[in-house]
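To be precise, the following lines are coords-v1.csv, and they hold CSV, C-alpha atoms.
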chain,number,residue,atom,x,y,z
A,21,MET,CA,0.2,-14.9,57.8
A,22,ASN,CA,-0.7,-13.9,54.3
A,23,PHE,CA,-4.1,-12.4,53.5
A,24,TYR,CA,-5.8,-15.7,52.6
A,25,ASP,CA,-4.7,-17.1,56.0
A,26,VAL,CA,-6.1,-14.1,57.8
A,27,GLU,CA,-9.4,-14.2,55.8
A,28,GLY,CA,-9.7,-17.9,56.4
A,29,LYS,CA,-9.4,-17.4,60.2
A,30,ILE,CA,-11.9,-14.6,60.2
A,31,ASN,CA,-14.4,-16.8,58.3
A,32,THR,CA,-13.9,-19.8,60.6
A,33,LYS,CA,-13.8,-18.0,64.0
A,34,PRO,CA,-17.0,-17.8,65.9
A,35,ALA,CA,-18.8,-14.4,66.2
A,36,LEU,CA,-17.5,-12.1,68.8
A,37,ASP,CA,-19.2,-12.0,72.2
A,38,PHE,CA,-20.2,-8.6,73.6
A,39,GLY,CA,-19.9,-9.5,77.3
A,40,ASP,CA,-16.6,-11.3,76.9
A,41,ILE,CA,-15.0,-8.4,75.1
A,42,PHE,CA,-16.4,-5.9,77.5
A,43,ASN,CA,-15.2,-7.7,80.6
A,44,LYS,CA,-11.8,-8.5,79.3
A,45,SER,CA,-11.3,-4.9,78.1
A,46,MET,CA,-12.2,-3.6,81.5
A,47,GLU,CA,-9.7,-5.9,83.1
A,48,LEU,CA,-6.9,-5.1,80.6
A,49,PHE,CA,-7.5,-1.3,81.1
A,50,LYS,CA,-6.4,-1.7,84.7
A,51,VAL,CA,-2.9,-2.5,83.6
A,52,VAL,CA,-2.6,-0.4,80.4
A,53,TRP,CA,-4.3,2.9,81.5
A,54,LEU,CA,-0.9,4.5,81.9
A,55,PRO,CA,0.5,3.5,78.5
A,56,GLY,CA,-2.9,4.6,77.1
A,57,PHE,CA,-2.5,8.0,78.7
A,58,VAL,CA,1.0,8.3,77.3
A,59,THR,CA,-0.3,7.4,73.8
A,60,VAL,CA,-3.0,10.1,74.1
A,61,LEU,CA,-0.4,12.5,75.2
A,62,PHE,CA,2.0,11.7,72.3
A,63,THR,CA,-0.9,11.8,69.8
A,64,THR,CA,-2.0,15.2,71.1
A,65,LEU,CA,1.5,16.7,71.1
A,66,LEU,CA,2.4,15.4,67.7
A,67,THR,CA,-0.9,16.6,66.2
A,68,LEU,CA,-0.4,20.1,67.7
A,69,LEU,CA,3.1,20.1,66.3
A,70,LEU,CA,1.9,19.2,62.8
A,71,VAL,CA,-1.0,21.7,63.0
A,72,LEU,CA,1.6,24.4,64.0
A,73,VAL,CA,3.7,23.4,61.0
A,74,MET,CA,0.6,23.6,58.8
A,75,TYR,CA,-0.3,27.1,59.8
A,76,THR,CA,3.2,28.5,60.1
A,77,PRO,CA,3.4,29.9,56.5
A,78,LEU,CA,0.1,31.7,57.0
A,79,ILE,CA,1.1,33.1,60.4
A,80,ALA,CA,4.4,34.3,58.9
A,81,LEU,CA,2.6,35.9,56.0
A,82,GLY,CA,0.2,37.6,58.3
A,83,ILE,CA,3.1,39.0,60.4
A,84,PHE,CA,5.3,40.2,57.6
A,85,ASN,CA,2.7,41.0,54.9
A,86,ALA,CA,-0.7,41.6,56.6
A,87,GLU,CA,-2.0,43.5,53.5
A,88,ALA,CA,-1.9,40.2,51.5
A,89,PHE,CA,-5.1,39.1,53.2
A,90,GLU,CA,-6.8,42.4,52.5
A,91,ARG,CA,-6.8,41.9,48.7
A,92,GLN,CA,-9.8,40.7,46.8
A,93,GLU,CA,-7.9,37.7,45.5
A,94,PRO,CA,-6.3,35.3,48.1
A,95,PRO,CA,-2.5,35.3,48.1
A,96,ILE,CA,-0.8,32.5,46.1
A,97,ILE,CA,0.6,30.9,49.3
A,98,TYR,CA,-2.9,30.6,50.7
A,99,THR,CA,-4.0,28.7,47.5
A,100,PHE,CA,-0.9,26.5,47.8
A,101,PHE,CA,-1.6,26.0,51.5
A,102,SER,CA,-5.2,25.0,50.9
A,103,MET,CA,-4.7,22.7,47.9
A,104,VAL,CA,-1.3,21.1,48.7
A,105,LEU,CA,0.1,21.6,52.2
A,106,MET,CA,-3.1,21.1,54.2
A,107,PRO,CA,-3.9,17.6,52.7
A,108,ILE,CA,-0.3,16.5,53.2
A,109,ILE,CA,-0.4,17.6,56.9
A,110,MET,CA,-3.8,16.0,57.5
A,111,MET,CA,-2.4,12.7,56.0
A,112,CYS,CA,0.6,13.0,58.4
A,113,ILE,CA,-1.7,13.4,61.4
A,114,PHE,CA,-3.7,10.3,60.4
A,115,ALA,CA,-0.6,8.3,59.8
A,116,VAL,CA,1.0,9.3,63.2
A,117,ASN,CA,-2.2,8.3,64.9
A,118,LEU,CA,-2.2,4.9,63.2
A,119,LEU,CA,1.4,4.3,64.2
A,120,LEU,CA,0.9,5.3,67.8
A,121,MET,CA,-2.2,3.2,68.0
A,122,ALA,CA,-0.3,0.2,66.6
A,123,GLY,CA,2.3,0.7,69.3
A,124,PHE,CA,-0.4,0.8,72.0
A,125,TYR,CA,-1.9,-2.5,70.8
A,126,ARG,CA,1.6,-4.0,70.9
A,127,ILE,CA,1.7,-2.9,74.5
A,128,CYS,CA,-1.7,-4.4,75.1
A,129,ARG,CA,-0.5,-7.7,73.7
A,130,ALA,CA,2.5,-7.7,76.0
A,131,LYS,CA,0.5,-6.8,79.1
A,132,ASP,CA,-2.2,-9.4,78.2
A,133,VAL,CA,0.5,-12.1,78.4
A,134,GLN,CA,2.1,-10.5,81.5
A,135,LEU,CA,5.3,-9.2,79.9
A,136,ASN,CA,6.8,-5.8,80.2
A,137,THR,CA,7.3,-3.7,77.1
A,138,ASP,CA,6.7,-0.2,75.9
A,139,GLY,CA,7.3,0.5,72.3
A,140,HIS,CA,5.0,3.6,71.7
A,141,PHE,CA,7.3,4.4,68.7
A,142,TYR,CA,8.0,0.8,67.7
A,143,TYR,CA,6.3,1.2,64.4
A,144,PHE,CA,7.9,4.4,63.4
A,145,LYS,CA,10.0,2.6,60.8
A,146,LYS,CA,10.2,3.0,57.1
A,147,HIS,CA,8.2,-0.2,56.2
A,148,HIS,CA,5.4,0.6,58.7
A,149,MET,CA,5.4,4.3,57.9
A,150,ILE,CA,4.8,3.7,54.2
A,151,LYS,CA,1.8,1.5,55.0
A,152,ALA,CA,0.6,4.0,57.5
A,153,PHE,CA,0.6,6.8,55.0
A,154,ILE,CA,-1.3,4.7,52.4
A,155,LEU,CA,-3.8,3.7,55.1
A,156,ALA,CA,-4.1,7.4,56.1
A,157,SER,CA,-4.9,8.4,52.5
A,158,ILE,CA,-7.5,5.6,52.3
A,159,THR,CA,-9.0,6.7,55.6
A,160,ILE,CA,-9.4,10.3,54.4
A,161,GLY,CA,-10.9,9.1,51.1
A,162,LEU,CA,-13.4,6.8,52.9
A,163,ALA,CA,-14.2,9.6,55.4
A,164,ILE,CA,-15.1,11.9,52.5
A,165,VAL,CA,-17.3,9.2,51.0
A,166,GLY,CA,-18.9,8.7,54.4
A,167,MET,CA,-19.7,12.4,54.7
A,168,LEU,CA,-21.3,12.5,51.3
A,169,THR,CA,-23.9,10.1,52.7
A,170,CYS,CA,-25.0,12.7,55.3
A,171,GLY,CA,-22.8,11.1,57.9
A,172,VAL,CA,-24.6,7.7,57.9
A,173,GLY,CA,-21.6,6.2,56.0
A,174,LEU,CA,-19.2,7.4,58.7
A,175,ILE,CA,-21.1,5.4,61.3
A,176,TYR,CA,-20.7,2.2,59.3
A,177,LEU,CA,-17.1,3.0,58.4
A,178,GLY,CA,-16.2,3.7,62.0
A,179,VAL,CA,-15.8,0.0,62.8
A,180,PRO,CA,-13.6,-1.2,60.0
A,181,LEU,CA,-11.5,2.0,60.2
A,182,ALA,CA,-10.9,1.4,63.9
A,183,LEU,CA,-9.4,-2.0,63.0
A,184,PHE,CA,-6.7,-0.6,60.7
A,185,PRO,CA,-4.1,-0.1,63.5
A,186,VAL,CA,-4.5,-3.5,65.1
A,187,PHE,CA,-3.9,-5.2,61.7
A,188,LEU,CA,-1.0,-2.8,61.1
A,189,ALA,CA,0.5,-3.9,64.4
A,190,PHE,CA,0.1,-7.7,64.2
A,191,GLU,CA,-0.1,-8.6,60.5
A,192,GLU,CA,3.2,-7.2,59.2
A,193,GLU,CA,3.1,-9.4,56.1
A,194,LEU,CA,-0.1,-7.7,54.9
A,195,SER,CA,0.1,-4.8,52.5
A,196,ALA,CA,-1.9,-1.7,53.2
A,197,LEU,CA,-4.7,-2.7,50.8
A,198,GLU,CA,-4.8,-6.2,52.4
A,199,ILE,CA,-5.1,-4.5,55.8
A,200,VAL,CA,-8.1,-2.6,54.5
A,201,LYS,CA,-9.7,-5.8,53.2
A,202,ALA,CA,-9.0,-7.7,56.4
A,203,SER,CA,-10.4,-4.9,58.5
A,204,PHE,CA,-13.6,-4.8,56.5
A,205,ALA,CA,-13.9,-8.6,56.6
A,206,LEU,CA,-13.6,-8.7,60.4
A,207,GLY,CA,-15.6,-5.5,60.9
A,208,ASN,CA,-18.5,-6.5,58.7
A,209,LYS,CA,-18.8,-9.9,60.3
A,210,ASN,CA,-19.0,-8.5,63.8
A,211,TRP,CA,-20.2,-4.9,63.1
A,212,PHE,CA,-23.0,-4.7,65.7
A,213,VAL,CA,-21.0,-6.2,68.5
A,214,LEU,CA,-17.9,-4.0,67.8
A,215,PHE,CA,-20.1,-0.9,67.4
A,216,GLY,CA,-22.0,-1.6,70.6
A,217,VAL,CA,-19.0,-2.4,72.8
A,218,THR,CA,-16.9,0.6,71.5
A,219,PHE,CA,-19.9,2.9,72.0
A,220,VAL,CA,-20.5,1.7,75.5
A,221,MET,CA,-16.8,1.9,76.3
A,222,GLY,CA,-16.7,5.4,74.8
A,223,VAL,CA,-19.5,6.6,77.1
A,224,ILE,CA,-17.8,5.1,80.1
A,225,ALA,CA,-14.5,6.7,79.0
A,226,GLN,CA,-16.2,10.1,79.0
A,227,LEU,CA,-16.8,9.8,82.7
A,228,GLY,CA,-13.2,10.8,83.1
A,229,VAL,CA,-14.4,14.4,82.6
A,230,ILE,CA,-15.6,14.2,86.2
A,231,LEU,CA,-12.0,14.1,87.3
A,232,CYS,CA,-11.3,17.8,86.8
A,233,VAL,CA,-12.0,17.4,83.0
A,234,VAL,CA,-8.4,16.3,82.3
A,235,GLY,CA,-9.3,12.9,83.6
A,236,VAL,CA,-10.7,12.0,80.2
A,237,LEU,CA,-7.1,11.8,79.0
A,238,PHE,CA,-6.6,8.9,81.3
A,239,THR,CA,-9.8,7.1,80.3
A,240,ALA,CA,-9.9,7.9,76.6
A,241,MET,CA,-8.1,4.7,75.4
A,242,LEU,CA,-10.7,2.5,77.2
A,243,ALA,CA,-12.8,2.7,74.0
A,244,ARG,CA,-9.9,1.4,71.9
A,245,ILE,CA,-9.1,-1.7,73.9
A,246,PRO,CA,-12.1,-3.7,72.6
A,247,ILE,CA,-10.4,-3.6,69.1
A,248,TYR,CA,-7.5,-5.5,70.5
A,249,TYR,CA,-9.8,-8.3,71.7
A,250,ALA,CA,-11.7,-8.1,68.4
A,251,TYR,CA,-8.4,-9.1,66.7
A,252,LYS,CA,-7.4,-11.6,69.3
A,253,ASN,CA,-10.8,-13.4,69.3
A,254,GLY,CA,-11.7,-12.8,65.7
A,255,VAL,CA,-8.4,-13.6,64.0
A,256,GLY,CA,-6.0,-14.9,66.7
A,257,PHE,CA,-2.2,-14.7,67.0
A,258,ALA,CA,-0.2,-16.9,64.7
A,259,ASP,CA,2.4,-18.0,67.2
A,260,GLU,CA,1.7,-18.3,71.0
A,261,THR,CA,5.0,-19.9,71.9
A,262,GLU,CA,6.9,-18.6,74.9
A,263,ASP,CA,9.9,-17.8,72.7
A,264,ARG,CA,7.8,-15.6,70.4
A,265,LEU,CA,6.3,-13.7,73.4
A,266,LYS,CA,9.7,-13.1,74.9
A,267,ALA,CA,11.0,-11.8,71.6
A,268,LEU,CA,8.1,-9.3,71.7
A,269,ALA,CA,9.3,-7.9,75.0
A,270,SER,CA,13.0,-7.9,74.1
A,271,SER,CA,12.6,-5.9,70.8
A,272,ASN,CA,11.8,-2.6,72.5
A,273,LEU,CA,13.2,0.6,71.1
Let me see whether you can do it: turn the structure in this file into structure tokens.
Amino acid sequence: MNFYDVEGKINTKPALDFGDIFNKSMELFKVVWLPGFVTVLFTTLLTLLLVLVMYTPLIALGIFNAEAFERQEPPIIYTFFSMVLMPIIMMCIFAVNLLLMAGFYRICRAKDVQLNTDGHFYYFKKHHMIKAFILASITIGLAIVGMLTCGVGLIYLGVPLALFPVFLAFEEELSALEIVKASFALGNKNWFVLFGVTFVMGVIAQLGVILCVVGVLFTAMLARIPIYYAYKNGVGFADETEDRLKALASSNL
């Protein structure tokens, strides 16, 4: 679908129902908890790897030239690190998270129609990665604007920003900017419902801490499942035919 088709569907679809999304999300979680855990694990490991890459120059400098940090003026590499390298790595972290979340929603779709598929890294392709990096830069920019409003803006932005990966997963014809516009259109129309259900799901997900703390890794994705149903009920899938669904399962990496 092009953007105008998506926008038209958002405008004509009925408002989302809190109870319906909550109940369906709980049911779907029963079959996607393991892929959800794997997604959290991949996200954590890749984030740690990128953070390690980010701090490697400073660690190396501290080992081989510790006196550099004792000077009154910071070393040139520190300035380069702060102004150039750190923003790039942060954008990479956001982009990786978007791509992995898109893969998770693809798995949610397959499980929802009772098909087997994985595809955690399905969207790690040039076309999707370019859009993910653009979306990551937009996310960082919007987050900065939200923080300038004493954090109030971040609460509002949390809903549309959470919709980025689901549109990235299921609306491949949309550009990055159109994904942003579609996310805000759906998010603004159903803001209170989406904020409420994701908040409640997030609280329930934190109960995983009871399971020796690490249990939260298994329940963390519970708060992200309502976003899948927000797209399914608020936009809808363009093609529900059996052949299309089978193609979804057979195109695994």
Subject >> From A:Leu188, A:Leu70, A:Ala156, A:Ala122, residue lying nearest A:Leu105 [only C-alpha atoms] >> reply: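 Going through A:Leu188, A:Leu70, A:Ala156, A:Ala122 one by one, the smallest distance to A:Leu105 is for A:Leu70.
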Nearby residues (all atoms listed in the file) at most 12 Å from A:Gly178, same-chain spacing under 4 positions excluded, as a PDB file with C-alpha atoms, in the frame of the given file:
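Done, and the output landed in out-v7.pdb:
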ATOM      1  CA  THR A 159      -9.000   6.700  55.600  1.00  0.00           C
ATOM      2  CA  LEU A 162     -13.400   6.800  52.900  1.00  0.00           C
ATOM      3  CA  ALA A 163     -14.200   9.600  55.400  1.00  0.00           C
ATOM      4  CA  GLY A 166     -18.900   8.700  54.400  1.00  0.00           C
ATOM      5  CA  MET A 167     -19.700  12.400  54.700  1.00  0.00           C
ATOM      6  CA  GLY A 171     -22.800  11.100  57.900  1.00  0.00           C
ATOM      7  CA  VAL A 172     -24.600   7.700  57.900  1.00  0.00           C
ATOM      8  CA  GLY A 173     -21.600   6.200  56.000  1.00  0.00           C
ATOM      9  CA  LEU A 174     -19.200   7.400  58.700  1.00  0.00           C
ATOM     10  CA  ALA A 182     -10.900   1.400  63.900  1.00  0.00           C
ATOM     11  CA  LEU A 183      -9.400  -2.000  63.000  1.00  0.00           C
ATOM     12  CA  PHE A 184      -6.700  -0.600  60.700  1.00  0.00           C
ATOM     13  CA  SER A 203     -10.400  -4.900  58.500  1.00  0.00           C
ATOM     14  CA  PHE A 204     -13.600  -4.800  56.500  1.00  0.00           C
ATOM     15  CA  GLY A 207     -15.600  -5.500  60.900  1.00  0.00           C
ATOM     16  CA  ASN A 208     -18.500  -6.500  58.700  1.00  0.00           C
ATOM     17  CA  TRP A 211     -20.200  -4.900  63.100  1.00  0.00           C
ATOM     18  CA  PHE A 212     -23.000  -4.700  65.700  1.00  0.00           C
ATOM     19  CA  LEU A 214     -17.900  -4.000  67.800  1.00  0.00           C
ATOM     20  CA  PHE A 215     -20.100  -0.900  67.400  1.00  0.00           C
ATOM     21  CA  GLY A 216     -22.000  -1.600  70.600  1.00  0.00           C
ATOM     22  CA  THR A 218     -16.900   0.600  71.500  1.00  0.00           C
ATOM     23  CA  PHE A 219     -19.900   2.900  72.000  1.00  0.00           C
ATOM     24  CA  ARG A 244      -9.900   1.400  71.900  1.00  0.00           C
ATOM     25  CA  ILE A 247     -10.400  -3.600  69.100  1.00  0.00           C
TER      26      ILE A 247
END
**OP:** Would you please work out which residue, of A:Met46, A:Ala225, A:Ala152, A:Met103, is nearest to A:Glu192 when using all atoms listed in the file?
**Re:**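 Using all atoms listed in the file, the shortest distance to A:Glu192 belongs to A:Ala152.
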Original post:
What's the 8 Å shell around stretch 48-65 of chain A, counting all atoms listed in the file, without same-chain residues fewer than 3 positions away, as an MDAnalysis selection string?
Top reply: chainID A and resid 44:45 68:69 116:117 120:121 124 127:128 131:132 138 140 237:242 245
Original post:
Skipping near chain neighbours, those fewer than 2 positions away, what residues fall within 10 Å of A:Lys151 using all atoms listed in the file, listed as a ChimeraX atom specification?
Top reply: /A:115,118-119,146-149,153-157,188,192,194-197,199
Original post:
Taking into account all atoms listed in the file, which residue in the set A:Val71, A:Leu66, A:Ala250, A:Val165 is nearest to A:Met106?
Top reply: A:Val71
Original post:
Interatomic distance between atom CA of A:Val133 and atom CA of A:Leu181?
Top reply: 26.0 Å
**OP:** Just give me the gap between atom CA of A:Thr67 and atom CA of A:Ile113 in Å, one decimal is fine.
**Re:** 5.8 Å
**OP:** Mind giving me the straight-line distance from atom CA of A:Ala35 to atom CA of A:Pro180 in Å, one decimal?
**Re:**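 Going from atom CA of A:Ala35 over to atom CA of A:Pro180 covers 15.5 Å.
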**OP:** Give as an MDAnalysis selection string every residue, naming chains and numbers as the document does, that has an atom within 8 Å of (-9.1, -12.7, 50.7), counting only C-alpha atoms.
**Re:** chainID A and resid 23:24 26:28 198 201:202
**OP:** Tell me which of A:Ala205, A:Ile150, A:Val179, A:Val236 sits closest to A:Thr32, counting all atoms listed in the file.
**Re:**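 Closest candidate: A:Ala205.
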Original post:
Which residue, A:Ile164, A:Phe144, A:Glu191, A:Val255, has the smallest gap to A:Met21 when you use all atoms listed in the file?
Top reply: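 Checking each candidate against A:Met21, we get A:Glu191 as the closest.
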